[in-house]
Structures are given as C-alpha cells and as structure tokens.
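Beneath this line is the structure, given in structure tokens, with notes to follow.
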Amino acid sequence: MVEEKSEMVNNVMCLLTDPDGAPIGAPMYLPQNATPQHLTQIVNKLLNHEEKLPYSFYISDEELLVPLETYLQKNKVSVEKALPIVCQPQAIFRIRPVNRCSATISGHAEAVLSVAFSPDGRQLASGSGDTTVRFWDLGTQTPLYTCTGHKNWVLCIAWSPDGKHLVSGSKTGELICWDPQTGKSLGNPLIGHKKWITGISWEPVHLNAPCRRFVSASKDGDARIWDVSLKKCVMCLSGHTLAITCVKWGGDGVIYTGSQDCTIKVWETTQGKLIRELKGHGHWVNSLALSTEYVLRTGAFDHTGKQYSSPEEMKKVALERYQAMRGNAPERLVSGSDDFTMFLWEPFINKHPKTRMTGHQQLVNHVYFSPDGQWVASASFDKSVKLWNGTTGKFVAAFRGHVGPVYQISWSADSRLLLSGSKDSTLKVWDIRTRKLKQDLPGHADEVFSVDWSPDGEKVASGGKDKVLKLWMG
C-alpha cells in the first residue's frame, strides 16, 4: 500500500479534450513531469496519427509551456478531479513575420479603401475613392490594370474563391464583375441596389464550382444574390428594416446578414427564405465573422501554392479543407456592434448567443476568426485589438500600442500572427503566443484603411488615405 501511495503523488488525473470540449480518450493518469512534448506524443498516439502532428495545450485558456507539476504549483490547481487539457492542433508550416516595406506603389488618385489578395495569393486588387479598381503585378510591384466603370467610390471588393472573378461595389449601389486576367468587366454594371454597397461575399467553392453566385449587402436594407454567368440578380433577400452592414455566405450554404436594425438574419439560398433571426444586440450590428471564413475565402488554395486544372478538382480539395477545418463542430459566428459588445453564436444549434463578449470601450470595427478557428480578434475605435477564445468566446488578451482607432485586421495563414491597420498611420504585427507586439510598421503618411495578409503568407498589402499601396515582406 505504501508503495502505491508514493506512486499516486507523481501522477495527475487528466482529461485531454479537443477545442470543442469533446474528450480524446478516457481520463488518464499522467506523470507530473509530463511536458507539452510528452503530451503531443500521447495525443498523436490516441488519435492514431501515422505522421506526428504538432499540438499546443491549454489549461483554462492558459497555454501549457512547462511540465505539468510546475504549472500546478504555480497556479495552485486542485487535482481533486480530472484536469481538463485542451489539445489544439497547430499549423505544420510557419509564416515569417513581415518586417519591411518592399514597395510603395502610386496609381490611385484618391484614398485606397480596400485591398485584397486573390485566394492563391498571386494577385492583388484594390478599390479606391477615385472610382477605379486596380490590379497590381506582384512580380514587378507595379500597376497592372486600371478598371474604370464605377461612377462613385469603390467601397468593397471580393475575389471569388476559385480566383476567376473579382466583384466591386460602389457608393451608388452598382456592382461590377471583373476578369483578373484581362482587367476587363464581364458585361454591364449589375443594377438593383438603391443605396451604397456595404459588403460582398461569394458562395463557397466546395458547394459550387466554378464560382457563379455571390451576395451583396446594401444600405438600402436588402441583400441580393447575383449569378455572374447569367449577369443578373437571381434573388432578393428582403426583411431587414434598416441598412445591412455586413454579409457572409456560410459553409453550410446559408447567408448571414447583419443590420442596423440590431438583428442578424439567416437565409437559405434556394428560394431566399428567412430561416432564423439572431437577436441580442442593443445597437447596430456592423461586422460578422465566421469560424470557417479563412477556408471559405481560400477554397482549394493553401500556403503551398498548388494550382488546379479543373473546377471539379478544386471543389473536391476545397471540401476536404473545409471539413478538416470544421471537424465535428458547428460553424460559429461572431458579431461586432456599435454597442461596444460582441456575441458568439452557433446559429444551427441555438438562436440565442453562446456568449456575450464585453471589454471594448468603443465600437467594434472588425472581427475576424483565425484560420484554424482557435481565436477571434476584434479591432475597435478604442485603439485596441482584443483576442478571444474562438470556441468559448472568453476574453484572452488585449493588444495595445496603436494611438488611433484600429480599422482592420488580418491573420497569417498559420494563425500565429495578427496584423492590424490604424488611423495612426501604422501597421502592427502581434505575436499570438507571447501576446506582444512583434513588429511595428510605420511608413504610410496618413490613416491606414485596409490591410491584407496574402494566403501564401509571403506578403502584406496596405492602403489608405495617402493614396499609395504598400507591399510588405518578411
């Protein structure tokens, strides 16, 4: 008996779970001197992985970076019941932080309002207050095509996830679809919205390839689904009583719209019927993020840069990527509002929010899930960027350093770094593991409205009030 007692002292009863709390195996005794390396071996064994995958481990949202006993002593954890340890798979590749401006390209005659890399990261487009859309040659770092046709500011642009089209929306409410290979528009502007365009989102390529349909949201309170091959509006989603501020086409095929009427509506896309309403915000909803957004945006493309010969192959790979990212968990949604709060939702499980996320002192401008769905980042007029747990919605950390409102954020493809652009004219790169500033990127002469990190991880683009487009490299 005596022997057995000394044996017990050195073991800790642990329960390994996936990020959604589902157990990986039964509770087990682990030696107190177990390190994250040991735990990685155990998880790979439990999950029968032929190739060892990297993991990081969390105990109540704190990453375990030391042997278990060191952690338990430091945090005075009771070991009366099994200690839950969350096992989070990590990217098997690593993105280098960008640290220098590699090009400053002029061309736009007014502020650059949006920048976006193509899903494979090989092309770049921008929309501007000068009414043009531009494509840029990333090889030579020079302007490639100037696309004219809009009569007013180009407020938003969106690439189709197969990379074959770019749609732009303007302040007058018309939409134009462009061919990125030639810079030519595919037919006349798409007319229907009565006020300016606030968002554009494409149907995921794993649901339909080649990409044909996208949804636009407008200040006029409607969302419209368009078919680029038919060159017309195929459905109008009416029901919001005020402006729609944001729109996302989800991986399960439904469309989410957020509005100034304080609601989020969920629509099915065969007939355009309203299927659910998410209520809870006390003020305008002004941004939405989906846990699967990154794989939806990039479709079949990943950091390796592999290209595809057919839409069928693309659809198949996109579906595999989507399913691997989703796992068994429901697609999650985060909404950011003018009431300074955010909500985490699981719309297919419950019409009530899972968590209310409070902490920002001013309105929330932009929310974005990390590519692996582990984190949510939010940018606010309170000059901070905040980090939250993507599964539970719990607050994790605040990144402070900007001295003006933060307008937009973008993630590195490996979910380890976060980029922010601000009114203070700088871009900043934050390290998720250390929760500290990794790189300060001054250089713009005025407010930075838009930032994007290319899906291949190689480069960052930024644009703003000083009319130039900047490219940054690692």
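As shown in the structure tokens, the chain order sets the letters A, B, ...; within each chain, residues go from 1, and ligands are also counted from 1 in the order they appear.
Residues with any atom within 6 Å of range 69-82 of chain A, counting only C-alpha atoms and excluding same-chain neighbours fewer than 2 positions away, are A:Met13, A:Cys14, A:Leu15, A:Gln32, A:Pro67.
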Just to be explicit: take each residue in the selection above, keep N, CA and C atoms, and write the result as a compact mmCIF listing (two decimals), in the first residue's frame.
```txt
# COMPACT_ATOMS: atom_id res chain seq x y z
N MET A 13 -4.40 13.12 -12.63
CA MET A 13 -5.51 12.64 -13.46
C MET A 13 -5.88 13.75 -14.44
N CYS A 14 -5.75 13.46 -15.73
CA CYS A 14 -6.03 14.47 -16.75
C CYS A 14 -7.05 13.97 -17.75
N LEU A 15 -7.80 14.92 -18.32
CA LEU A 15 -8.72 14.59 -19.39
C LEU A 15 -8.34 15.44 -20.60
N GLN A 32 3.61 13.75 -13.37
CA GLN A 32 3.67 15.21 -13.13
C GLN A 32 4.76 15.89 -13.96
N PRO A 67 6.49 21.76 -17.67
CA PRO A 67 5.96 20.47 -17.20
C PRO A 67 4.72 20.69 -16.32
```
*Which neighbours of range 272-275 of chain A fall inside 10 Å, counting only C-alpha atoms, when residues of the same chain fewer than 6 positions from it are skipped, and could you give them as an NGL selection string?*
:A and (223-225 or 234-239 or 254-256 or 265-266)
Deliver the residues from the most recent selection as a file, using N, CA and C atoms, as a compact mmCIF listing (two decimals), in the first residue's frame.
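Listed below is the output, selection.txt:
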```txt
# COMPACT_ATOMS: atom_id res chain seq x y z
N ALA A 223 -30.36 42.40 -49.28
CA ALA A 223 -29.21 41.66 -49.78
C ALA A 223 -29.66 41.02 -51.08
N ARG A 224 -28.75 40.94 -52.06
CA ARG A 224 -29.13 40.36 -53.35
C ARG A 224 -28.13 39.29 -53.76
N ILE A 225 -28.68 38.21 -54.29
CA ILE A 225 -27.82 37.15 -54.82
C ILE A 225 -27.75 37.32 -56.34
N VAL A 234 -30.56 37.02 -59.03
CA VAL A 234 -31.45 35.85 -59.05
C VAL A 234 -32.35 35.78 -57.82
N MET A 235 -32.00 36.53 -56.76
CA MET A 235 -32.82 36.55 -55.56
C MET A 235 -32.60 37.84 -54.79
N CYS A 236 -33.66 38.33 -54.17
CA CYS A 236 -33.53 39.50 -53.30
C CYS A 236 -33.95 39.08 -51.89
N LEU A 237 -33.07 39.30 -50.91
CA LEU A 237 -33.36 38.90 -49.53
C LEU A 237 -33.84 40.15 -48.78
N SER A 238 -35.16 40.27 -48.64
CA SER A 238 -35.75 41.45 -48.00
C SER A 238 -36.33 41.08 -46.66
N GLY A 239 -36.21 41.99 -45.70
CA GLY A 239 -36.76 41.70 -44.38
C GLY A 239 -36.16 42.59 -43.31
N VAL A 254 -25.87 28.67 -46.11
CA VAL A 254 -26.79 29.75 -45.75
C VAL A 254 -26.07 31.10 -45.80
N ILE A 255 -26.85 32.16 -45.85
CA ILE A 255 -26.28 33.51 -45.86
C ILE A 255 -26.65 34.20 -44.55
N TYR A 256 -25.66 34.88 -43.95
CA TYR A 256 -25.88 35.65 -42.72
C TYR A 256 -25.80 37.13 -43.06
N LYS A 265 -29.83 38.08 -39.60
CA LYS A 265 -30.79 37.16 -40.21
C LYS A 265 -30.04 36.07 -40.98
N VAL A 266 -30.63 34.87 -40.94
CA VAL A 266 -30.03 33.72 -41.62
C VAL A 266 -30.98 33.31 -42.74
```
*For Phe348 in chain A, please output as JSON, numbers by chain all residues within 9 Å (counting only C-alpha atoms; exclusion window: fewer than 3 positions along the same chain).*
{"A": [276, 330, 331, 332, 345, 351]}
Name the residues in contact with Lys151 in chain A at a cut-off of 10 Å, using only C-alpha atoms, excluding same-chain residues fewer than 3 positions from it; report them as a PDB file with N, CA and C atoms, in the first residue's frame.
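What ended up in part16.pdb:
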```pdb
ATOM      1  N   ASP A 130     -11.212  57.033 -55.994  1.00  0.00           N
ATOM      2  CA  ASP A 130     -11.112  57.631 -57.330  1.00  0.00           C
ATOM      3  C   ASP A 130     -12.021  56.921 -58.342  1.00  0.00           C
ATOM      4  N   THR A 131     -12.894  56.038 -57.876  1.00  0.00           N
ATOM      5  CA  THR A 131     -13.886  55.253 -58.647  1.00  0.00           C
ATOM      6  C   THR A 131     -13.298  54.083 -59.436  1.00  0.00           C
ATOM      7  N   THR A 132     -11.992  53.821 -59.290  1.00  0.00           N
ATOM      8  CA  THR A 132     -11.417  52.703 -60.048  1.00  0.00           C
ATOM      9  C   THR A 132     -11.104  51.506 -59.156  1.00  0.00           C
ATOM     10  N   THR A 148     -12.064  50.925 -65.046  1.00  0.00           N
ATOM     11  CA  THR A 148     -12.998  52.044 -64.892  1.00  0.00           C
ATOM     12  C   THR A 148     -14.408  51.586 -65.262  1.00  0.00           C
ATOM     13  N   VAL A 154     -15.345  53.236 -54.848  1.00  0.00           N
ATOM     14  CA  VAL A 154     -15.420  51.772 -54.781  1.00  0.00           C
ATOM     15  C   VAL A 154     -15.238  51.390 -53.311  1.00  0.00           C
ATOM     16  N   SER A 170     -19.994  49.854 -55.288  1.00  0.00           N
ATOM     17  CA  SER A 170     -19.714  51.288 -55.159  1.00  0.00           C
ATOM     18  C   SER A 170     -20.711  52.027 -54.285  1.00  0.00           C
ATOM     19  N   LYS A 171     -20.433  53.296 -54.116  1.00  0.00           N
ATOM     20  CA  LYS A 171     -21.265  54.157 -53.297  1.00  0.00           C
ATOM     21  C   LYS A 171     -22.616  54.448 -53.941  1.00  0.00           C
ATOM     22  N   THR A 172     -22.708  54.273 -55.263  1.00  0.00           N
ATOM     23  CA  THR A 172     -24.007  54.480 -55.916  1.00  0.00           C
ATOM     24  C   THR A 172     -24.843  53.204 -55.917  1.00  0.00           C
ATOM     25  N   GLY A 173     -24.249  52.072 -55.527  1.00  0.00           N
ATOM     26  CA  GLY A 173     -25.038  50.847 -55.403  1.00  0.00           C
ATOM     27  C   GLY A 173     -24.876  49.854 -56.538  1.00  0.00           C
ATOM     28  N   GLU A 174     -24.035  50.204 -57.556  1.00  0.00           N
ATOM     29  CA  GLU A 174     -23.900  49.205 -58.623  1.00  0.00           C
ATOM     30  C   GLU A 174     -22.699  48.304 -58.329  1.00  0.00           C
TER      31      GLU A 174
END
```
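Taking only C-alpha atoms, the non-local environment of Gln362 in chain A within 9 Å (same-chain residues fewer than 2 positions away omitted) comprises Asp338, Asp339, Phe340, Thr341, His360, Val364, Ser380, Phe381, Asp382 and Lys383 of chain A.
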Grab the residues selected above and save them as a compact mmCIF listing (two decimals), in the first residue's frame with all heavy atoms.
```
# COMPACT_ATOMS: atom_id res chain seq x y z
N ASP A 338 -22.06 48.39 -32.57
CA ASP A 338 -21.88 49.75 -32.09
C ASP A 338 -22.17 49.87 -30.60
O ASP A 338 -21.94 50.90 -30.00
CB ASP A 338 -22.83 50.71 -32.84
CG ASP A 338 -22.21 51.23 -34.12
OD1 ASP A 338 -21.36 50.51 -34.67
OD2 ASP A 338 -22.57 52.33 -34.58
N ASP A 339 -22.73 48.78 -30.00
CA ASP A 339 -22.98 48.84 -28.55
C ASP A 339 -21.72 48.42 -27.78
O ASP A 339 -21.77 48.14 -26.58
CB ASP A 339 -24.20 47.99 -28.15
CG ASP A 339 -24.01 46.49 -28.43
OD1 ASP A 339 -22.88 46.07 -28.76
OD2 ASP A 339 -24.99 45.74 -28.32
N PHE A 340 -20.58 48.35 -28.47
CA PHE A 340 -19.25 48.01 -27.93
C PHE A 340 -19.09 46.52 -27.61
O PHE A 340 -18.05 46.10 -27.14
CB PHE A 340 -18.87 48.80 -26.66
CG PHE A 340 -19.08 50.28 -26.72
CD1 PHE A 340 -18.98 51.06 -25.57
CD2 PHE A 340 -19.37 50.93 -27.91
CE1 PHE A 340 -19.17 52.45 -25.61
CE2 PHE A 340 -19.57 52.32 -27.97
CZ PHE A 340 -19.46 53.06 -26.81
N THR A 341 -20.14 45.72 -27.83
CA THR A 341 -20.03 44.31 -27.47
C THR A 341 -19.98 43.42 -28.71
O THR A 341 -20.25 43.86 -29.83
CB THR A 341 -21.25 43.83 -26.64
OG1 THR A 341 -22.39 43.81 -27.51
CG2 THR A 341 -21.50 44.72 -25.45
N HIS A 360 -14.50 45.95 -24.97
CA HIS A 360 -14.15 47.15 -25.75
C HIS A 360 -14.88 48.37 -25.18
O HIS A 360 -16.00 48.27 -24.71
CB HIS A 360 -14.51 46.95 -27.23
CG HIS A 360 -13.48 46.18 -27.99
ND1 HIS A 360 -12.18 46.61 -28.14
CD2 HIS A 360 -13.55 44.98 -28.64
CE1 HIS A 360 -11.50 45.72 -28.85
NE2 HIS A 360 -12.31 44.71 -29.16
N VAL A 364 -16.94 48.36 -32.10
CA VAL A 364 -16.10 47.30 -32.68
C VAL A 364 -16.20 47.41 -34.21
O VAL A 364 -17.27 47.30 -34.78
CB VAL A 364 -16.59 45.91 -32.21
CG1 VAL A 364 -15.76 44.81 -32.83
CG2 VAL A 364 -16.55 45.83 -30.68
N SER A 380 -11.07 47.88 -32.68
CA SER A 380 -12.05 48.84 -32.19
C SER A 380 -11.57 50.29 -32.27
O SER A 380 -10.37 50.56 -32.39
CB SER A 380 -12.38 48.49 -30.73
OG SER A 380 -13.04 49.55 -30.07
N PHE A 381 -12.53 51.20 -32.17
CA PHE A 381 -12.22 52.62 -32.09
C PHE A 381 -11.55 52.97 -30.76
O PHE A 381 -11.07 54.07 -30.58
CB PHE A 381 -13.51 53.45 -32.25
CG PHE A 381 -13.77 53.86 -33.68
CD1 PHE A 381 -14.62 53.12 -34.49
CD2 PHE A 381 -13.14 54.97 -34.22
CE1 PHE A 381 -14.85 53.49 -35.81
CE2 PHE A 381 -13.36 55.35 -35.53
CZ PHE A 381 -14.22 54.61 -36.34
N ASP A 382 -11.53 52.01 -29.80
CA ASP A 382 -10.86 52.29 -28.52
C ASP A 382 -9.34 52.12 -28.62
O ASP A 382 -8.64 52.10 -27.61
CB ASP A 382 -11.45 51.43 -27.39
CG ASP A 382 -11.15 49.94 -27.54
OD1 ASP A 382 -10.33 49.55 -28.40
OD2 ASP A 382 -11.74 49.14 -26.78
N LYS A 383 -8.83 51.95 -29.87
CA LYS A 383 -7.39 51.86 -30.18
C LYS A 383 -6.78 50.51 -29.85
O LYS A 383 -5.58 50.31 -29.98
CB LYS A 383 -6.58 52.97 -29.46
CG LYS A 383 -7.09 54.37 -29.68
CD LYS A 383 -6.32 55.39 -28.85
CE LYS A 383 -7.02 56.75 -28.91
NZ LYS A 383 -6.53 57.70 -27.94
```
*Excluding same-chain residues fewer than 3 positions from range 124-128 of chain A, what lies within 10 Å of it counting only C-alpha atoms, as a VMD selection string?*
chain A and resid 108 to 119 121 131 to 138 143 to 147 152 to 159 166 168 to 170 180 450 452 454 461 to 465 467 469
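We find CA of Ser412 in chain A and CA of Ala445 in chain A to be spaced 24.6 Å apart.
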